Structures are given as C-alpha cells and as structure tokens.
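A short write-up of the structure that comes next.
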Amino acid sequence: MRRFWAIAKTTALEILAEPLSLLVLTASLAIAVFAPAFHYHQFGEPARMARDAGLSALFVGGTIFVIVGAARSVRREFESGTAAVALSHPVSRVQFLLAKACGAYAAFALFALALCAVTAVIVNGSLIGAAVAKKTGDIPRLWGVSYACGVASVVLPYVVGAFLNRVFRFRFALSAFVTTIVIAAASLVYRPEVSLVGLLPAMALLFVPAAFFAMAATSAAAHLKMNAASAVCAVLVAAFLPFAGNYCLSNALSRGGTIPWAYVAVAALAAVPAILAAAFAGAALRIRA
C-alpha cells in the first residue's frame, strides 16, 4: 500500500509542478473573476453571472486539467522507462494505474479547491455589490474588496512564485500553484455568508466527472501515444456532453434554489460503472510502452 500512495503522491506533485497546469488554473480563475466583473446585466439575480462563470470554469478547466495532467504523467512514465521499473517490483498493473489516476485526481482536487474558493468570494462580492446598489440607487457592481481578492489570486501567485524560485530555488509552477490555493482560501475569511453553503453541492457534483476523466485518461495513455490518447479522451468528453447537465447544475441554484445532497450521492453512484469500465480497460489489456 505504501508503494500505491508513493506513486499517487509523486503523480500529484508532478502534475502540480507542470507549467501547463498553472496556466489552466490561471485561465480558469480569470474567467471566474473577470467575467462577472465586466458584465453588469443581472439577469434578474445579482449572483447569477458570478455563479455561472465559476461553475463553468470549474467544469471546463477541470476537465482539461485532469485529462492533460493524467495523460502527460502516464506517457512520461512509459517513455522514460520509469513504468517498466515500477512494474518490475511488487506493483501490479491495476495498482499502478489506479495510483496514477488517484494522483491525478488529487491534483484536480487542489485545482478545484482554489477555483471553488474564488467562485464563492466572487459570488459573495456580487451579493454585497447588489445590496449596496439597492441602497444607493447605483448600477450593481462587484464589491471592490471581493474583486481585489479575486484579482490577487490570479496575479500574486506569479510574483510569489518568481520570488521563491529566485531566492530559494523553489519550483516556480509548484510554488505559484500552492500560493494560489493559499490566497484563494484566505479570501474566504472576508465577510463570509451562510447562504454560500448552498454552492457546495453544485461544486461537489463537478468532482464526479473529473474522477471518470482521470481514470479514462490514465487508461488511454497507458496504451496509446499522447496524440492518440488525447483523441480518445476528446471523444469521451463529447460523448459525456449529453449527461453534463446532470452534473453542472448552476441554474438549479437560481432564486434561492438548492441541490439536495441525496442527488449528489445518486449522481456519483451513477458514474461508478463508467469509472470501473475505464479502470478495467486500462488494466485488462496488455500495457505497452
């Protein structure tokens, strides 16, 4: 079991240290922060744009993050010969692939943590801005402090990462990624609202397809070159789109709506067969370098 967790931990750190992973995180955060800030139409609800932008960024950005991260990590193992060394030890093919998928999913969880925190801050800022505008009669705008916290999570990590890399020789992408999570989490302290708890089920739902894509990308990359594995994953994403509405439920939160946790549990259980099928496809077939 120690080898399993060692492989998973190494995979997660490897993905987090990828410059591409940091760029996907930054792009997703930029959508979540700037889309609501520069769009003044409320659609009948102050926080709708902020909520839609954040959840959409989590779904789209998270899918790209976990697929590319898992596939690149697995292909690197096979092309460098590291996988052959690992499989020559008491590590089964199933254990190896599951560990790689779990590592990729752990990296996604940290990605999602940062994006969920920033989304909550921006949604809260939209509500505060609407309340202020109602009193002053002005156009509803995103609350300045909340907006500053969101911008800080996009910009400051690059400054901190560059400083740590220059002075302490820390890995730039990894340092910036961790800094993003810290800033995003710290921003939640500013004027927290109990009503934001309603966002949690919607955010939790988006963790489910990521688990499937992590396993599918891992299995595809174990048998195919990077381009072919990417093509297979693109087909799987396209096939998943008709079901995406069951997991990305931003509209269900409109006008005070809620998503029952029982629905989240049922949706997660519904995805289990697909996840197991992806795992079986990766483990049952003969792994090639």
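Residues are named by chain letter and number: chains run A, B, ... in the order of the structure tokens, numbers start at 1 in each chain, and ligands are numbered from 1 in the order shown.
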### Message
I'd like the contact shell of Arg51 (chain A) - 9 Å cut-off, only C-alpha atoms, skipping same-chain residues fewer than 3 positions apart - returned as a ChimeraX atom specification.
### Response
/A:32,36,47-48,54-56,119-120,122-123,199,250,253
### Task
Select from region 44-272 of chain A everything DSSP, run on the backbone, classes as helix (DSSP H, G or I), then give the selection as a VMD selection string.
chain A and resid 48 to 80 82 to 88 93 to 136 144 to 168 172 to 187 194 to 205 207 to 223 226 to 244 250 to 256 261 to 272
Within 6 Å of region 150-164 of chain A, counting only C-alpha atoms, which residues qualify if same-chain residues fewer than 5 places away don't, as a short mmCIF file (atom, residue, chain, number, x, y, z; two decimals) with all heavy atoms, in the first residue's frame?
```
data_model
loop_
_atom_site.label_atom_id
_atom_site.label_comp_id
_atom_site.auth_asym_id
_atom_site.auth_seq_id
_atom_site.Cartn_x
_atom_site.Cartn_y
_atom_site.Cartn_z
N THR A 26 -4.81 29.41 -13.95
CA THR A 26 -4.90 30.86 -14.08
C THR A 26 -6.01 31.27 -15.04
O THR A 26 -6.78 32.20 -14.77
CB THR A 26 -3.56 31.43 -14.56
OG1 THR A 26 -2.52 31.06 -13.65
CG2 THR A 26 -3.62 32.95 -14.67
N VAL A 33 -13.27 35.31 -12.28
CA VAL A 33 -13.14 36.65 -11.67
C VAL A 33 -13.60 37.75 -12.60
O VAL A 33 -14.39 38.62 -12.23
CB VAL A 33 -11.67 36.89 -11.23
CG1 VAL A 33 -11.50 38.34 -10.75
CG2 VAL A 33 -11.27 35.93 -10.13
N PHE A 170 12.97 27.33 -5.35
CA PHE A 170 11.78 26.50 -5.37
C PHE A 170 11.28 26.40 -6.81
O PHE A 170 11.51 27.29 -7.63
CB PHE A 170 10.68 27.08 -4.49
CG PHE A 170 10.96 26.99 -3.02
CD1 PHE A 170 10.10 27.58 -2.11
CD2 PHE A 170 12.06 26.32 -2.54
CE1 PHE A 170 10.33 27.50 -0.76
CE2 PHE A 170 12.32 26.24 -1.18
CZ PHE A 170 11.45 26.84 -0.28
N PHE A 172 9.03 26.98 -9.73
CA PHE A 172 8.16 28.13 -9.96
C PHE A 172 6.69 27.73 -10.05
O PHE A 172 5.83 28.28 -9.34
CB PHE A 172 8.57 28.86 -11.24
CG PHE A 172 7.58 29.91 -11.67
CD1 PHE A 172 7.48 31.11 -11.01
CD2 PHE A 172 6.71 29.67 -12.73
CE1 PHE A 172 6.55 32.08 -11.38
CE2 PHE A 172 5.78 30.62 -13.13
CZ PHE A 172 5.71 31.82 -12.45
N SER A 175 5.26 26.37 -6.74
CA SER A 175 5.14 27.44 -5.74
C SER A 175 3.96 28.35 -6.06
O SER A 175 3.20 28.73 -5.17
CB SER A 175 6.44 28.26 -5.69
OG SER A 175 7.53 27.45 -5.35
N ALA A 176 3.81 28.71 -7.33
CA ALA A 176 2.71 29.58 -7.74
C ALA A 176 1.36 28.89 -7.54
O ALA A 176 0.39 29.52 -7.12
CB ALA A 176 2.88 30.01 -9.19
N THR A 179 0.57 28.84 -3.84
CA THR A 179 0.25 30.22 -3.42
C THR A 179 -1.16 30.59 -3.84
O THR A 179 -1.89 31.26 -3.09
CB THR A 179 1.25 31.21 -4.03
OG1 THR A 179 2.57 30.85 -3.64
CG2 THR A 179 0.96 32.62 -3.56
N THR A 180 -1.58 30.16 -5.02
CA THR A 180 -2.94 30.42 -5.48
C THR A 180 -3.95 29.82 -4.52
O THR A 180 -4.95 30.46 -4.16
CB THR A 180 -3.15 29.84 -6.89
OG1 THR A 180 -2.21 30.41 -7.79
CG2 THR A 180 -4.56 30.14 -7.39
N ILE A 183 -4.00 31.89 -1.20
CA ILE A 183 -4.67 33.19 -1.34
C ILE A 183 -6.17 33.00 -1.50
O ILE A 183 -6.97 33.73 -0.90
CB ILE A 183 -4.09 33.96 -2.54
CG1 ILE A 183 -2.63 34.34 -2.27
CG2 ILE A 183 -4.92 35.22 -2.82
CD1 ILE A 183 -1.94 35.00 -3.45
N ALA A 184 -6.57 32.03 -2.32
CA ALA A 184 -7.99 31.78 -2.54
C ALA A 184 -8.68 31.36 -1.25
O ALA A 184 -9.77 31.86 -0.93
CB ALA A 184 -8.17 30.70 -3.61
#
```
### Query
Any idea what's packed within 10 Å of region 225-233 of chain A, counting only C-alpha atoms, ignoring anything in its chain fewer than 5 positions away? Could you give it as JSON, numbers by chain?
{"A": [64, 67, 68, 71, 72, 74, 75, 76, 78, 79, 213, 214, 216, 217, 218, 219, 220, 238, 239, 288, 289]}
Residues as selected, N, CA, C and O atoms, written as a PDB file, in the first residue's frame, can you do that?
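Wrote it out as out-v2.pdb, contents follow:
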```
ATOM      1  N   ILE A  64     -10.089  19.807 -18.669  1.00  0.00           N
ATOM      2  CA  ILE A  64      -8.806  19.945 -19.383  1.00  0.00           C
ATOM      3  C   ILE A  64      -7.644  19.609 -18.454  1.00  0.00           C
ATOM      4  O   ILE A  64      -6.709  18.887 -18.817  1.00  0.00           O
ATOM      5  N   ILE A  67      -7.488  15.686 -17.552  1.00  0.00           N
ATOM      6  CA  ILE A  67      -7.180  14.830 -18.701  1.00  0.00           C
ATOM      7  C   ILE A  67      -5.730  15.029 -19.154  1.00  0.00           C
ATOM      8  O   ILE A  67      -4.974  14.064 -19.315  1.00  0.00           O
ATOM      9  N   VAL A  68      -5.347  16.277 -19.363  1.00  0.00           N
ATOM     10  CA  VAL A  68      -3.987  16.557 -19.825  1.00  0.00           C
ATOM     11  C   VAL A  68      -2.960  16.143 -18.770  1.00  0.00           C
ATOM     12  O   VAL A  68      -1.927  15.530 -19.095  1.00  0.00           O
ATOM     13  N   ALA A  71      -2.796  12.189 -18.590  1.00  0.00           N
ATOM     14  CA  ALA A  71      -2.227  11.595 -19.801  1.00  0.00           C
ATOM     15  C   ALA A  71      -0.735  11.891 -19.918  1.00  0.00           C
ATOM     16  O   ALA A  71       0.070  10.998 -20.227  1.00  0.00           O
ATOM     17  N   ARG A  72      -0.350  13.143 -19.675  1.00  0.00           N
ATOM     18  CA  ARG A  72       1.060  13.504 -19.787  1.00  0.00           C
ATOM     19  C   ARG A  72       1.896  12.769 -18.744  1.00  0.00           C
ATOM     20  O   ARG A  72       3.026  12.336 -19.017  1.00  0.00           O
ATOM     21  N   VAL A  74       1.286   9.801 -17.301  1.00  0.00           N
ATOM     22  CA  VAL A  74       1.412   8.382 -17.628  1.00  0.00           C
ATOM     23  C   VAL A  74       2.348   8.171 -18.817  1.00  0.00           C
ATOM     24  O   VAL A  74       3.208   7.290 -18.805  1.00  0.00           O
ATOM     25  N   ARG A  75       2.188   8.996 -19.856  1.00  0.00           N
ATOM     26  CA  ARG A  75       3.052   8.835 -21.026  1.00  0.00           C
ATOM     27  C   ARG A  75       4.513   9.070 -20.659  1.00  0.00           C
ATOM     28  O   ARG A  75       5.419   8.391 -21.165  1.00  0.00           O
ATOM     29  N   ARG A  76       4.758  10.016 -19.778  1.00  0.00           N
ATOM     30  CA  ARG A  76       6.129  10.290 -19.364  1.00  0.00           C
ATOM     31  C   ARG A  76       6.728   9.067 -18.650  1.00  0.00           C
ATOM     32  O   ARG A  76       7.915   8.760 -18.808  1.00  0.00           O
ATOM     33  N   PHE A  78       5.987   5.885 -19.188  1.00  0.00           N
ATOM     34  CA  PHE A  78       6.285   4.817 -20.137  1.00  0.00           C
ATOM     35  C   PHE A  78       7.440   5.178 -21.065  1.00  0.00           C
ATOM     36  O   PHE A  78       8.278   4.346 -21.385  1.00  0.00           O
ATOM     37  N   GLU A  79       7.475   6.410 -21.512  1.00  0.00           N
ATOM     38  CA  GLU A  79       8.504   6.809 -22.465  1.00  0.00           C
ATOM     39  C   GLU A  79       9.882   6.942 -21.819  1.00  0.00           C
ATOM     40  O   GLU A  79      10.903   6.805 -22.483  1.00  0.00           O
ATOM     41  N   PHE A 213     -12.824  11.079 -15.888  1.00  0.00           N
ATOM     42  CA  PHE A 213     -11.841  11.529 -16.870  1.00  0.00           C
ATOM     43  C   PHE A 213     -10.414  11.229 -16.420  1.00  0.00           C
ATOM     44  O   PHE A 213      -9.536  10.959 -17.248  1.00  0.00           O
ATOM     45  N   ALA A 214     -10.161  11.291 -15.117  1.00  0.00           N
ATOM     46  CA  ALA A 214      -8.826  10.944 -14.605  1.00  0.00           C
ATOM     47  C   ALA A 214      -8.509   9.489 -14.899  1.00  0.00           C
ATOM     48  O   ALA A 214      -7.403   9.152 -15.371  1.00  0.00           O
ATOM     49  N   ALA A 216     -10.056   7.534 -17.175  1.00  0.00           N
ATOM     50  CA  ALA A 216     -10.064   7.299 -18.621  1.00  0.00           C
ATOM     51  C   ALA A 216      -8.770   7.770 -19.273  1.00  0.00           C
ATOM     52  O   ALA A 216      -8.198   7.079 -20.133  1.00  0.00           O
ATOM     53  N   ALA A 217      -8.292   8.947 -18.883  1.00  0.00           N
ATOM     54  CA  ALA A 217      -7.048   9.474 -19.453  1.00  0.00           C
ATOM     55  C   ALA A 217      -5.867   8.595 -19.066  1.00  0.00           C
ATOM     56  O   ALA A 217      -4.960   8.356 -19.881  1.00  0.00           O
ATOM     57  N   THR A 218      -5.860   8.110 -17.838  1.00  0.00           N
ATOM     58  CA  THR A 218      -4.787   7.227 -17.382  1.00  0.00           C
ATOM     59  C   THR A 218      -4.763   5.936 -18.193  1.00  0.00           C
ATOM     60  O   THR A 218      -3.707   5.481 -18.658  1.00  0.00           O
ATOM     61  N   SER A 219      -5.933   5.339 -18.377  1.00  0.00           N
ATOM     62  CA  SER A 219      -6.023   4.080 -19.124  1.00  0.00           C
ATOM     63  C   SER A 219      -5.650   4.275 -20.590  1.00  0.00           C
ATOM     64  O   SER A 219      -4.941   3.446 -21.180  1.00  0.00           O
ATOM     65  N   ALA A 220      -6.130   5.375 -21.194  1.00  0.00           N
ATOM     66  CA  ALA A 220      -5.823   5.620 -22.612  1.00  0.00           C
ATOM     67  C   ALA A 220      -4.336   5.842 -22.816  1.00  0.00           C
ATOM     68  O   ALA A 220      -3.737   5.312 -23.771  1.00  0.00           O
ATOM     69  N   ALA A 238     -16.883  14.395 -25.623  1.00  0.00           N
ATOM     70  CA  ALA A 238     -18.023  14.649 -26.497  1.00  0.00           C
ATOM     71  C   ALA A 238     -19.189  13.718 -26.163  1.00  0.00           C
ATOM     72  O   ALA A 238     -20.355  14.140 -26.160  1.00  0.00           O
ATOM     73  N   ALA A 239     -18.871  12.459 -25.866  1.00  0.00           N
ATOM     74  CA  ALA A 239     -19.922  11.508 -25.507  1.00  0.00           C
ATOM     75  C   ALA A 239     -20.557  11.847 -24.157  1.00  0.00           C
ATOM     76  O   ALA A 239     -21.731  11.533 -23.911  1.00  0.00           O
ATOM     77  N   ARG A 288       1.451  -1.346 -22.989  1.00  0.00           N
ATOM     78  CA  ARG A 288       2.597  -1.189 -23.894  1.00  0.00           C
ATOM     79  C   ARG A 288       3.378   0.065 -23.539  1.00  0.00           C
ATOM     80  O   ARG A 288       2.826   1.038 -23.024  1.00  0.00           O
ATOM     81  N   ALA A 289       4.628   0.076 -23.876  1.00  0.00           N
ATOM     82  CA  ALA A 289       5.446   1.265 -23.628  1.00  0.00           C
ATOM     83  C   ALA A 289       5.168   2.302 -24.687  1.00  0.00           C
ATOM     84  O   ALA A 289       4.757   1.966 -25.773  1.00  0.00           O
TER      85      ALA A 289
END
```
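Restricting the calculation to only C-alpha atoms, the smallest distance between Val94 (chain A) and any of A:Pro46, A:Gly282, A:Pro273, A:Pro242 is found for A:Gly282.
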Output as JSON lines one row per residue of region 246-276 of chain A within 12 Å of region 192-196 of chain A: the closest atom pair and its distance in Å to one decimal place, counting only C-alpha atoms, sorted by chain and residue number ascending.
```
{"residue": "A:Leu253", "atom": "CA", "partner": "A:Leu196", "partner_atom": "CA", "distance": 10.6}
{"residue": "A:Arg255", "atom": "CA", "partner": "A:Ser195", "partner_atom": "CA", "distance": 11.8}
{"residue": "A:Gly256", "atom": "CA", "partner": "A:Ser195", "partner_atom": "CA", "distance": 8.8}
{"residue": "A:Gly257", "atom": "CA", "partner": "A:Ser195", "partner_atom": "CA", "distance": 10.8}
{"residue": "A:Thr258", "atom": "CA", "partner": "A:Ser195", "partner_atom": "CA", "distance": 10.4}
```
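Of the listed residues (A:Asn251, A:Ser146, A:Val66, A:Ala277), A:Asn251 comes nearest to Asp52 (chain A); the distances count only C-alpha atoms.
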### Message
So, with only C-alpha atoms as the atoms that count, which of A:Ala283, A:Cys116, A:Val235, A:Ala35 lies closest to His223 (chain A)?
### Response
A:Ala283
### Residues near Lys9 (chain A), cut-off 9 Å, only C-alpha atoms, skip fewer than 2 positions along chain, as a ChimeraX atom specification
/A:4-7,11-14,99-100,102-103,106
Limited to N, CA and C atoms, could you put the picked residues into a file as an mmCIF file, in the first residue's frame?
```
data_model
loop_
_atom_site.group_PDB
_atom_site.id
_atom_site.type_symbol
_atom_site.label_atom_id
_atom_site.label_comp_id
_atom_site.auth_asym_id
_atom_site.auth_seq_id
_atom_site.Cartn_x
_atom_site.Cartn_y
_atom_site.Cartn_z
ATOM 1 N N PHE A 4 1.641 2.266 -3.455
ATOM 2 C CA PHE A 4 0.480 2.889 -4.090
ATOM 3 C C PHE A 4 0.442 4.384 -3.774
ATOM 4 N N TRP A 5 0.534 4.726 -2.495
ATOM 5 C CA TRP A 5 0.475 6.128 -2.096
ATOM 6 C C TRP A 5 1.703 6.901 -2.558
ATOM 7 N N ALA A 6 2.836 6.229 -2.645
ATOM 8 C CA ALA A 6 4.041 6.901 -3.139
ATOM 9 C C ALA A 6 3.874 7.286 -4.608
ATOM 10 N N ILE A 7 3.311 6.369 -5.402
ATOM 11 C CA ILE A 7 3.075 6.669 -6.823
ATOM 12 C C ILE A 7 2.048 7.779 -6.966
ATOM 13 N N THR A 11 2.760 11.480 -8.561
ATOM 14 C CA THR A 11 1.967 11.912 -9.714
ATOM 15 C C THR A 11 1.323 13.260 -9.465
ATOM 16 N N ALA A 12 0.737 13.422 -8.284
ATOM 17 C CA ALA A 12 0.077 14.689 -7.954
ATOM 18 C C ALA A 12 1.071 15.847 -7.977
ATOM 19 N N LEU A 13 2.229 15.653 -7.357
ATOM 20 C CA LEU A 13 3.243 16.716 -7.331
ATOM 21 C C LEU A 13 3.768 17.011 -8.733
ATOM 22 N N GLU A 14 3.903 15.966 -9.533
ATOM 23 C CA GLU A 14 4.386 16.136 -10.904
ATOM 24 C C GLU A 14 3.411 16.981 -11.721
ATOM 25 N N ALA A 99 -3.131 4.069 -8.945
ATOM 26 C CA ALA A 99 -2.341 5.058 -8.210
ATOM 27 C C ALA A 99 -2.118 6.306 -9.050
ATOM 28 N N LYS A 100 -1.834 6.118 -10.347
ATOM 29 C CA LYS A 100 -1.655 7.265 -11.233
ATOM 30 C C LYS A 100 -2.945 8.078 -11.348
ATOM 31 N N CYS A 102 -5.416 8.189 -9.143
ATOM 32 C CA CYS A 102 -5.673 8.836 -7.852
ATOM 33 C C CYS A 102 -4.791 10.068 -7.675
ATOM 34 N N GLY A 103 -3.546 9.984 -8.122
ATOM 35 C CA GLY A 103 -2.653 11.137 -8.053
ATOM 36 C C GLY A 103 -3.158 12.288 -8.901
ATOM 37 N N ALA A 106 -6.131 13.780 -7.175
ATOM 38 C CA ALA A 106 -5.724 14.600 -6.031
ATOM 39 C C ALA A 106 -5.261 15.979 -6.499
#
```
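Atom pair CA of Leu249 (chain A) / CA of Phe280 (chain A) has a distance of 29.5 Å (rounded to one decimal).
Between Leu16 (chain A) and the candidates A:Ile31, A:Val237, A:Ala271, A:Ile181, the tightest atom-to-atom separation, counting only C-alpha atoms, involves A:Ile181.
What separates CA of Ala267 (chain A) from CA of Gly198 (chain A) is a distance of 17.3 Å.
Of note, CA of Arg169 (chain A) and CA of Ser73 (chain A) are spaced 23.2 Å apart.
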### Contacts of region 128-142 of chain A within 7 Å, only C-alpha atoms, excl. fewer than 3 positions in-chain, as a PyMOL selection string
chain A and resi 37+40+46+124-125+147
Grab the residues selected above and save them as a PDB file, in the first residue's frame with N, CA and C atoms.
```pdb
ATOM      1  N   ALA A  37     -17.119  40.602 -13.317  1.00  0.00           N
ATOM      2  CA  ALA A  37     -16.704  41.983 -13.041  1.00  0.00           C
ATOM      3  C   ALA A  37     -17.023  42.917 -14.202  1.00  0.00           C
ATOM      4  N   TYR A  40     -22.467  43.724 -16.402  1.00  0.00           N
ATOM      5  CA  TYR A  40     -23.346  44.383 -15.436  1.00  0.00           C
ATOM      6  C   TYR A  40     -24.799  43.916 -15.516  1.00  0.00           C
ATOM      7  N   PRO A  46     -28.612  38.912  -8.763  1.00  0.00           N
ATOM      8  CA  PRO A  46     -27.288  39.542  -8.662  1.00  0.00           C
ATOM      9  C   PRO A  46     -26.108  38.600  -8.873  1.00  0.00           C
ATOM     10  N   ASN A 124     -20.102  36.074  -3.461  1.00  0.00           N
ATOM     11  CA  ASN A 124     -20.362  36.909  -2.284  1.00  0.00           C
ATOM     12  C   ASN A 124     -20.200  38.388  -2.621  1.00  0.00           C
ATOM     13  N   GLY A 125     -19.184  38.716  -3.407  1.00  0.00           N
ATOM     14  CA  GLY A 125     -18.977  40.099  -3.820  1.00  0.00           C
ATOM     15  C   GLY A 125     -20.123  40.626  -4.661  1.00  0.00           C
ATOM     16  N   TYR A 147     -13.545  41.694  -5.353  1.00  0.00           N
ATOM     17  CA  TYR A 147     -12.894  41.703  -6.663  1.00  0.00           C
ATOM     18  C   TYR A 147     -11.374  41.730  -6.510  1.00  0.00           C
TER      19      TYR A 147
END
```
